[in-house]
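Engineer: Okay, here's the structure, questions in a sec.
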Amino acid sequence: MSKYSADRNKFADLINANEHYAQGFKYSELSGSAAKGLAIITCMDSRINPLSVVGMRSGDAKILRNAGARVTEDVLRTLVLATYLLNVDRILVMPHTDCRMAQSDESTLHDEIEKQYGVDTRSLEFRVTRDQEAALETDITRIRAYPLIRKGVSVIGAIYDVKTGKIDFKNF
Ligand SMILES: [Zn+2]
């Protein structure tokens with residue numbers, strides 16, 4: 001017995017659900033290219049279903065998620081691959097309302113974890129922002145200015161409202 005077998009029990013619902021899912025599987029014809037040419041960068045927030053909020057389905061779009069929907073080095077790396085090799089020619093960066101990453105500052109979050117768990121996380125940059133809109137504009141600019149992203153790719157920023165399901169598409 002592996003010492004991790006107790007961990008596996010924590011995933012019993014997933015294992016069970018996948019058996020049912022695979023029985024009715026209908027996506028075997030899809031390719032790994034984004035059929036609608038779209039990449040979405042959004043937050044890890046569990047209230048967001050990034051495909052359905054913009055009318056997409058499996059196979060249509062590349063989804064990149066992290067805390068706060070920030071454009072990090074790894075997001076840029078992934079976008080370079082997606083724009084050259086996986087048919088992506090439009091990019092939506094979509095943070096959301098009521099985001100934990102836009103409610104305090106960096107040191108407050110570190111302090112909170114330290115206080116509750118006794119762990120010093122300050123060697124990590126969480127990329128927290130108090131001005132979500134300004135951070136979004138900076139992130140959009142970061143993608144547009146990145147020299148290795150394929151030419152002709154369109155980039156838009158938007159904020160998803162977790163209370164209404166509406167997306168506020170920005171003009172910057
Ligand atoms: Zn969030």
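Note on naming: chains are A, B, ... as they come in the structure tokens, residues start from 1 per chain, ligands start from 1 in the order shown.
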Counting only C-alpha atoms and all ligand atoms, give me one row per residue of chain A with an atom at most 9 Å from an atom of ligand 1, showing the shortest contact pair and its distance in Å to one decimal, sorted by chain then residue number, as CSV.
Structural biologist:
```
residue,atom,partner,partner_atom_place_in_ligand_line,distance
A:Thr42,CA,ligand 1,1 (Zn),8.0
A:Cys43,CA,ligand 1,1 (Zn),4.7
A:Met44,CA,ligand 1,1 (Zn),6.0
A:Asp45,CA,ligand 1,1 (Zn),4.7
A:Ser46,CA,ligand 1,1 (Zn),8.4
A:Asn66,CA,ligand 1,1 (Zn),8.2
A:Ala67,CA,ligand 1,1 (Zn),5.8
A:Gly68,CA,ligand 1,1 (Zn),4.6
A:Ala69,CA,ligand 1,1 (Zn),7.0
A:Pro95,CA,ligand 1,1 (Zn),6.5
A:His96,CA,ligand 1,1 (Zn),6.0
A:Thr97,CA,ligand 1,1 (Zn),7.6
A:Asp98,CA,ligand 1,1 (Zn),7.1
A:Cys99,CA,ligand 1,1 (Zn),3.8
A:Arg100,CA,ligand 1,1 (Zn),5.5
A:Met101,CA,ligand 1,1 (Zn),5.9
A:Ala102,CA,ligand 1,1 (Zn),7.7
```
Engineer: Selection from above, N, CA and C atoms, as a compact mmCIF listing (two decimals), in the first residue's frame, can you write it?
Structural biologist:
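Saved result, result23.txt, follows:
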```txt
# COMPACT_ATOMS: atom_id res chain seq x y z
N THR A 42 -8.14 33.85 -16.79
CA THR A 42 -9.05 34.25 -15.72
C THR A 42 -8.55 33.75 -14.38
N CYS A 43 -9.29 34.10 -13.34
CA CYS A 43 -8.89 33.76 -11.97
C CYS A 43 -9.24 32.30 -11.66
N MET A 44 -8.61 31.78 -10.61
CA MET A 44 -8.95 30.42 -10.18
C MET A 44 -10.29 30.36 -9.46
N ASP A 45 -10.92 31.49 -9.27
CA ASP A 45 -12.17 31.55 -8.50
C ASP A 45 -13.17 30.49 -8.97
N SER A 46 -13.69 29.75 -8.01
CA SER A 46 -14.55 28.61 -8.33
C SER A 46 -15.94 29.01 -8.84
N ASN A 66 -5.09 31.60 -12.93
CA ASN A 66 -4.23 31.74 -11.76
C ASN A 66 -4.91 32.69 -10.79
N ALA A 67 -4.33 32.88 -9.62
CA ALA A 67 -4.91 33.77 -8.63
C ALA A 67 -4.92 35.19 -9.17
N GLY A 68 -6.11 35.75 -9.37
CA GLY A 68 -6.24 37.13 -9.79
C GLY A 68 -6.21 37.38 -11.28
N ALA A 69 -6.08 36.32 -12.08
CA ALA A 69 -6.04 36.47 -13.55
C ALA A 69 -4.90 37.39 -14.00
N PRO A 95 -10.30 39.14 -15.08
CA PRO A 95 -10.47 39.03 -13.62
C PRO A 95 -11.95 39.22 -13.26
N HIS A 96 -12.27 39.26 -11.99
CA HIS A 96 -13.69 39.29 -11.60
C HIS A 96 -13.92 40.14 -10.38
N THR A 97 -15.17 40.48 -10.14
CA THR A 97 -15.55 41.22 -8.94
C THR A 97 -15.40 40.31 -7.72
N ASP A 98 -15.31 40.91 -6.55
CA ASP A 98 -15.22 40.16 -5.30
C ASP A 98 -14.02 39.20 -5.28
N CYS A 99 -12.93 39.62 -5.91
CA CYS A 99 -11.73 38.76 -5.96
C CYS A 99 -10.87 39.01 -4.73
N ARG A 100 -10.47 37.94 -4.10
CA ARG A 100 -9.62 38.02 -2.92
C ARG A 100 -8.30 38.73 -3.23
N MET A 101 -7.87 38.65 -4.48
CA MET A 101 -6.59 39.22 -4.87
C MET A 101 -6.68 40.72 -5.12
N ALA A 102 -7.88 41.29 -4.99
CA ALA A 102 -8.05 42.73 -5.21
C ALA A 102 -8.69 43.40 -4.00
```
Engineer: Using DSSP on the backbone coordinates, identify all residues within stretch 17-55 of chain A classified as strand (DSSP E or B); present the result as a VMD selection string.
Structural biologist: chain A and resid 38 to 43
Engineer: Please identify all polymer residues within 9 Å of stretch 121-126 of chain A, counting only C-alpha atoms, omitting same-chain residues fewer than 3 positions from it, and present them as number ranges by chain.
Structural biologist: A: 67-68, 101, 106-107, 109-111, 113-114
Engineer: Could you save those same residues with C-alpha atoms as a PDB file, in the first residue's frame?
Structural biologist:
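Final output, saved to selection.pdb:
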```pdb
ATOM      1  CA  ALA A  67      -4.909  33.771  -8.631  1.00  0.00           C
ATOM      2  CA  GLY A  68      -6.236  37.133  -9.787  1.00  0.00           C
ATOM      3  CA  MET A 101      -6.588  39.223  -4.872  1.00  0.00           C
ATOM      4  CA  GLU A 106       0.474  42.024  -0.549  1.00  0.00           C
ATOM      5  CA  SER A 107       1.676  42.304   3.054  1.00  0.00           C
ATOM      6  CA  LEU A 109      -2.220  38.490   2.772  1.00  0.00           C
ATOM      7  CA  HIS A 110       1.216  37.316   3.877  1.00  0.00           C
ATOM      8  CA  ASP A 111       0.425  38.390   7.441  1.00  0.00           C
ATOM      9  CA  ILE A 113      -1.259  33.263   6.371  1.00  0.00           C
ATOM     10  CA  GLU A 114       1.527  33.743   8.884  1.00  0.00           C
TER      11      GLU A 114
END
```
Engineer: Using only C-alpha atoms, can you tell me which of A:Asp89, A:Glu19, A:Asp13, A:Glu73 comes closest to A:Gly152?
Structural biologist: A:Asp89
Engineer: List as a short mmCIF file (atom, residue, chain, number, x, y, z; two decimals) with N, CA, C and O atoms, in the first residue's frame the protein and nucleic acid residues near A:Gly37, meaning an atom at most 9 Å away when only C-alpha atoms are counted, but skip any in the same chain fewer than 2 places from it.
Structural biologist:
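That gives us selection-v4.cif:
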```cif
data_model
loop_
_atom_site.label_atom_id
_atom_site.label_comp_id
_atom_site.auth_asym_id
_atom_site.auth_seq_id
_atom_site.Cartn_x
_atom_site.Cartn_y
_atom_site.Cartn_z
N SER A 33 -6.25 22.25 -31.07
CA SER A 33 -6.28 23.66 -31.45
C SER A 33 -7.55 24.31 -30.94
O SER A 33 -8.58 23.65 -30.81
N ALA A 34 -7.47 25.63 -30.66
CA ALA A 34 -8.66 26.34 -30.19
C ALA A 34 -9.58 26.61 -31.37
O ALA A 34 -9.27 27.44 -32.22
N ALA A 35 -10.71 25.93 -31.44
CA ALA A 35 -11.59 26.02 -32.61
C ALA A 35 -12.11 27.44 -32.85
O ALA A 35 -12.32 27.85 -33.99
N ALA A 39 -8.19 32.55 -26.43
CA ALA A 39 -7.58 32.18 -25.15
C ALA A 39 -8.18 33.08 -24.07
O ALA A 39 -8.35 34.28 -24.29
N ASP A 60 -13.21 24.85 -27.96
CA ASP A 60 -13.25 26.18 -28.55
C ASP A 60 -12.10 27.09 -28.13
O ASP A 60 -11.65 27.93 -28.91
N ALA A 61 -11.67 27.00 -26.88
CA ALA A 61 -10.78 28.02 -26.33
C ALA A 61 -9.73 27.42 -25.40
O ALA A 61 -9.95 26.39 -24.79
N LYS A 62 -8.60 28.13 -25.30
CA LYS A 62 -7.57 27.79 -24.31
C LYS A 62 -7.90 28.54 -23.03
O LYS A 62 -8.19 29.74 -23.09
N THR A 83 -0.51 31.08 -29.50
CA THR A 83 -0.74 31.92 -30.68
C THR A 83 -0.02 31.38 -31.92
O THR A 83 -0.52 31.52 -33.03
N LEU A 86 -1.42 26.85 -31.69
CA LEU A 86 -2.73 26.29 -31.31
C LEU A 86 -3.90 27.16 -31.74
O LEU A 86 -4.97 27.14 -31.14
N ASN A 87 -3.64 27.96 -32.80
CA ASN A 87 -4.74 28.67 -33.48
C ASN A 87 -5.29 29.88 -32.73
O ASN A 87 -6.31 30.44 -33.13
N VAL A 88 -4.66 30.32 -31.65
CA VAL A 88 -5.21 31.44 -30.89
C VAL A 88 -4.87 32.77 -31.58
O VAL A 88 -3.71 33.05 -31.86
N ASP A 89 -5.92 33.56 -31.89
CA ASP A 89 -5.68 34.89 -32.47
C ASP A 89 -6.45 35.98 -31.72
O ASP A 89 -6.51 37.12 -32.16
N ARG A 90 -7.07 35.63 -30.58
CA ARG A 90 -7.70 36.64 -29.72
C ARG A 90 -7.60 36.17 -28.27
O ARG A 90 -7.75 35.00 -27.97
N ILE A 91 -7.31 37.16 -27.42
CA ILE A 91 -7.01 36.86 -26.02
C ILE A 91 -7.87 37.73 -25.12
O ILE A 91 -7.87 38.96 -25.24
#
```
